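Enquirer: To start, I am sharing the structure in question, which I have written as structure tokens.
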Amino acid sequence: MEYRLPFGLGPTGETSTMRQEFLTFLGDEGILSAATLRGACDCLRSPPEPLGAIAFNYGMITGADIDMILAEQRGTKRLFGEIALSMGILTKGQVESLVRIQQMRSAVGVAEALLLSGVFDAAELMGELGRFLSVYQHKSVIAGES
């Protein structure tokens, strides 16, 4: 049985996130029941870690860079990475890598919530997360995203 999560659950209105994809994967593989998946939707309500915070933690940008980007971002619909790229603060490759890290951390957040809720034991959950990331990466490469 294929279970699809309702759209619009992401904190910024996105219709598909790696969090949703991971939960859908667990449902499609018959690992989680539809009822458990519906309960897990709560973990979709927290926003993903900001791209700027990830870049700052890796020493790729400074606090002053973040302030400049956020000042530019106010009142526009431009994404943080897009602005950082246009300002020459980050390269396209760096932005793409940061987005991948942000997506992976979102899937790990789902795994953490499932582990804390007692739905999985750690070894089983890490195995499923690894399998999902492999499948997700394969799908991205086929779709030309990598």
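How things are named: the first chain in the structure tokens is A, the next is B, and so on; residues count from 1 in each chain; ligands count from 1 in the order shown.
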When you look at range 88-101 of chain A with a cut-off of 9 Å (counting only C-alpha atoms), what residues show up, excluding the ones that are within fewer than 2 positions of it in the same chain? I need them as a PDB file with C-alpha atoms, in the first residue's frame.
Expert:
```pdb
ATOM      1  CA  LEU A  51      21.238  27.421   5.434  1.00  0.00           C
ATOM      2  CA  GLY A  52      23.112  30.365   6.904  1.00  0.00           C
ATOM      3  CA  ILE A  54      24.953  25.532   8.551  1.00  0.00           C
ATOM      4  CA  ALA A  55      27.366  27.641   6.480  1.00  0.00           C
ATOM      5  CA  MET A  60      32.029  29.303   5.190  1.00  0.00           C
ATOM      6  CA  ILE A  61      30.472  32.675   6.049  1.00  0.00           C
ATOM      7  CA  ASP A  65      27.819  38.001   5.752  1.00  0.00           C
ATOM      8  CA  GLY A  81      21.560  30.657  -0.977  1.00  0.00           C
ATOM      9  CA  GLU A  82      20.517  32.559  -4.086  1.00  0.00           C
ATOM     10  CA  ILE A  83      21.440  35.873  -2.460  1.00  0.00           C
ATOM     11  CA  ALA A  84      24.745  34.533  -1.091  1.00  0.00           C
ATOM     12  CA  LEU A  85      25.583  33.310  -4.591  1.00  0.00           C
ATOM     13  CA  SER A  86      24.690  36.616  -6.262  1.00  0.00           C
ATOM     14  CA  GLN A 103      17.958  18.035   3.459  1.00  0.00           C
ATOM     15  CA  MET A 104      19.898  15.200   5.092  1.00  0.00           C
ATOM     16  CA  ARG A 105      19.552  16.836   8.490  1.00  0.00           C
ATOM     17  CA  SER A 106      15.805  17.032   7.935  1.00  0.00           C
ATOM     18  CA  SER A 146      23.334  15.982  -8.683  1.00  0.00           C
TER      19      SER A 146
END
```
Enquirer: List the neighbours of Glu112 in chain A out to 12 Å using only C-alpha atoms; skip same-chain residues closer than 6 positions along the sequence, and give me the result as an MDAnalysis selection string.
Expert: chainID A and resid 19 40 43 105:106 118:122 125:126 129
Enquirer: What is the CA of Phe22 in chain A-CA of Tyr58 in chain A distance in Å, reported with one decimal?
Expert: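 CA of Tyr58 in chain A lies at a distance of 25.6 Å from CA of Phe22 in chain A.
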Enquirer: Which of these, A:Tyr136, A:Glu49, A:Ala113, A:Ala71, has the shortest distance to Leu37 in chain A once you count only C-alpha atoms?
Expert: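 Comparing A:Tyr136, A:Glu49, A:Ala113, A:Ala71 against Leu37 in chain A, the winner is A:Ala113.
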Enquirer: My list of candidates is A:Thr36, A:Ala64, A:Gln102, A:Gln73. Which is closest to Leu114 in chain A when distances are computed with only C-alpha atoms?
Expert: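 Once distances to Leu114 in chain A are computed over only C-alpha atoms, the minimum belongs to A:Thr36.
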Enquirer: Can you work out the spacing between CA of Glu124 in chain A and CA of Leu32 in chain A in Å, to one decimal?
Expert: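 Separation between CA of Glu124 in chain A and CA of Leu32 in chain A: 12.3 Å.
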Enquirer: Name the residues of range 34-124 of chain A that fall into helix (DSSP H, G or I) according to DSSP on the backbone, using the chain letters and numbers of this document, as a PyMOL selection string.
Expert: chain A and resi 34-44+51-57+63-73+80-86+92-116+122-124
Enquirer: Keeping C-alpha atoms, export the residues of the selection given above as a short mmCIF file (atom, residue, chain, number, x, y, z; two decimals), in the first residue's frame.
Expert:
```cif
data_model
loop_
_atom_site.label_atom_id
_atom_site.label_comp_id
_atom_site.auth_asym_id
_atom_site.auth_seq_id
_atom_site.Cartn_x
_atom_site.Cartn_y
_atom_site.Cartn_z
CA ALA A 34 -0.44 4.68 7.92
CA ALA A 35 -1.54 5.56 11.47
CA THR A 36 2.07 5.87 12.64
CA LEU A 37 2.89 7.98 9.59
CA ARG A 38 0.01 10.34 10.32
CA GLY A 39 1.28 10.72 13.88
CA ALA A 40 4.78 11.38 12.62
CA CYS A 41 3.60 14.38 10.61
CA ASP A 42 4.20 16.52 13.72
CA CYS A 43 7.94 16.37 13.02
CA LEU A 44 7.25 18.17 9.72
CA LEU A 51 21.24 27.42 5.43
CA GLY A 52 23.11 30.37 6.90
CA ALA A 53 23.51 28.60 10.25
CA ILE A 54 24.95 25.53 8.55
CA ALA A 55 27.37 27.64 6.48
CA PHE A 56 28.39 29.65 9.57
CA ASN A 57 29.02 26.47 11.59
CA GLY A 63 28.08 36.83 10.98
CA ALA A 64 28.48 40.01 8.94
CA ASP A 65 27.82 38.00 5.75
CA ILE A 66 24.62 36.62 7.28
CA ASP A 67 23.50 40.12 8.27
CA MET A 68 24.08 41.41 4.70
CA ILE A 69 22.22 38.47 3.16
CA LEU A 70 19.29 38.76 5.56
CA ALA A 71 19.08 42.53 4.96
CA GLU A 72 18.84 41.81 1.23
CA GLN A 73 16.34 39.02 1.83
CA PHE A 80 19.32 32.77 1.26
CA GLY A 81 21.56 30.66 -0.98
CA GLU A 82 20.52 32.56 -4.09
CA ILE A 83 21.44 35.87 -2.46
CA ALA A 84 24.75 34.53 -1.09
CA LEU A 85 25.58 33.31 -4.59
CA SER A 86 24.69 36.62 -6.26
CA LYS A 92 27.07 27.47 -6.63
CA GLY A 93 28.74 24.24 -5.49
CA GLN A 94 28.80 25.42 -1.89
CA VAL A 95 25.11 26.36 -1.97
CA GLU A 96 24.21 23.00 -3.51
CA SER A 97 26.23 21.17 -0.83
CA LEU A 98 24.63 23.21 1.94
CA VAL A 99 21.15 22.44 0.59
CA ARG A 100 22.02 18.70 0.55
CA ILE A 101 23.24 18.93 4.15
CA GLN A 102 20.05 20.75 5.12
CA GLN A 103 17.96 18.04 3.46
CA MET A 104 19.90 15.20 5.09
CA ARG A 105 19.55 16.84 8.49
CA SER A 106 15.81 17.03 7.93
CA ALA A 107 15.64 13.28 7.32
CA VAL A 108 17.82 12.68 10.38
CA GLY A 109 15.36 14.82 12.37
CA VAL A 110 12.58 12.43 11.40
CA ALA A 111 14.76 9.50 12.43
CA GLU A 112 15.42 11.16 15.79
CA ALA A 113 11.70 11.72 16.40
CA LEU A 114 10.90 8.10 15.51
CA LEU A 115 13.69 6.83 17.76
CA LEU A 116 12.56 8.96 20.68
CA ALA A 122 18.50 2.55 16.79
CA ALA A 123 20.16 -0.13 14.63
CA GLU A 124 17.03 -0.79 12.56
#
```
Enquirer: CA of Gly127 in chain A and CA of Ser46 in chain A are how many Å apart?
Expert: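 Pair CA of Gly127 in chain A / CA of Ser46 in chain A returns 24.3 Å.
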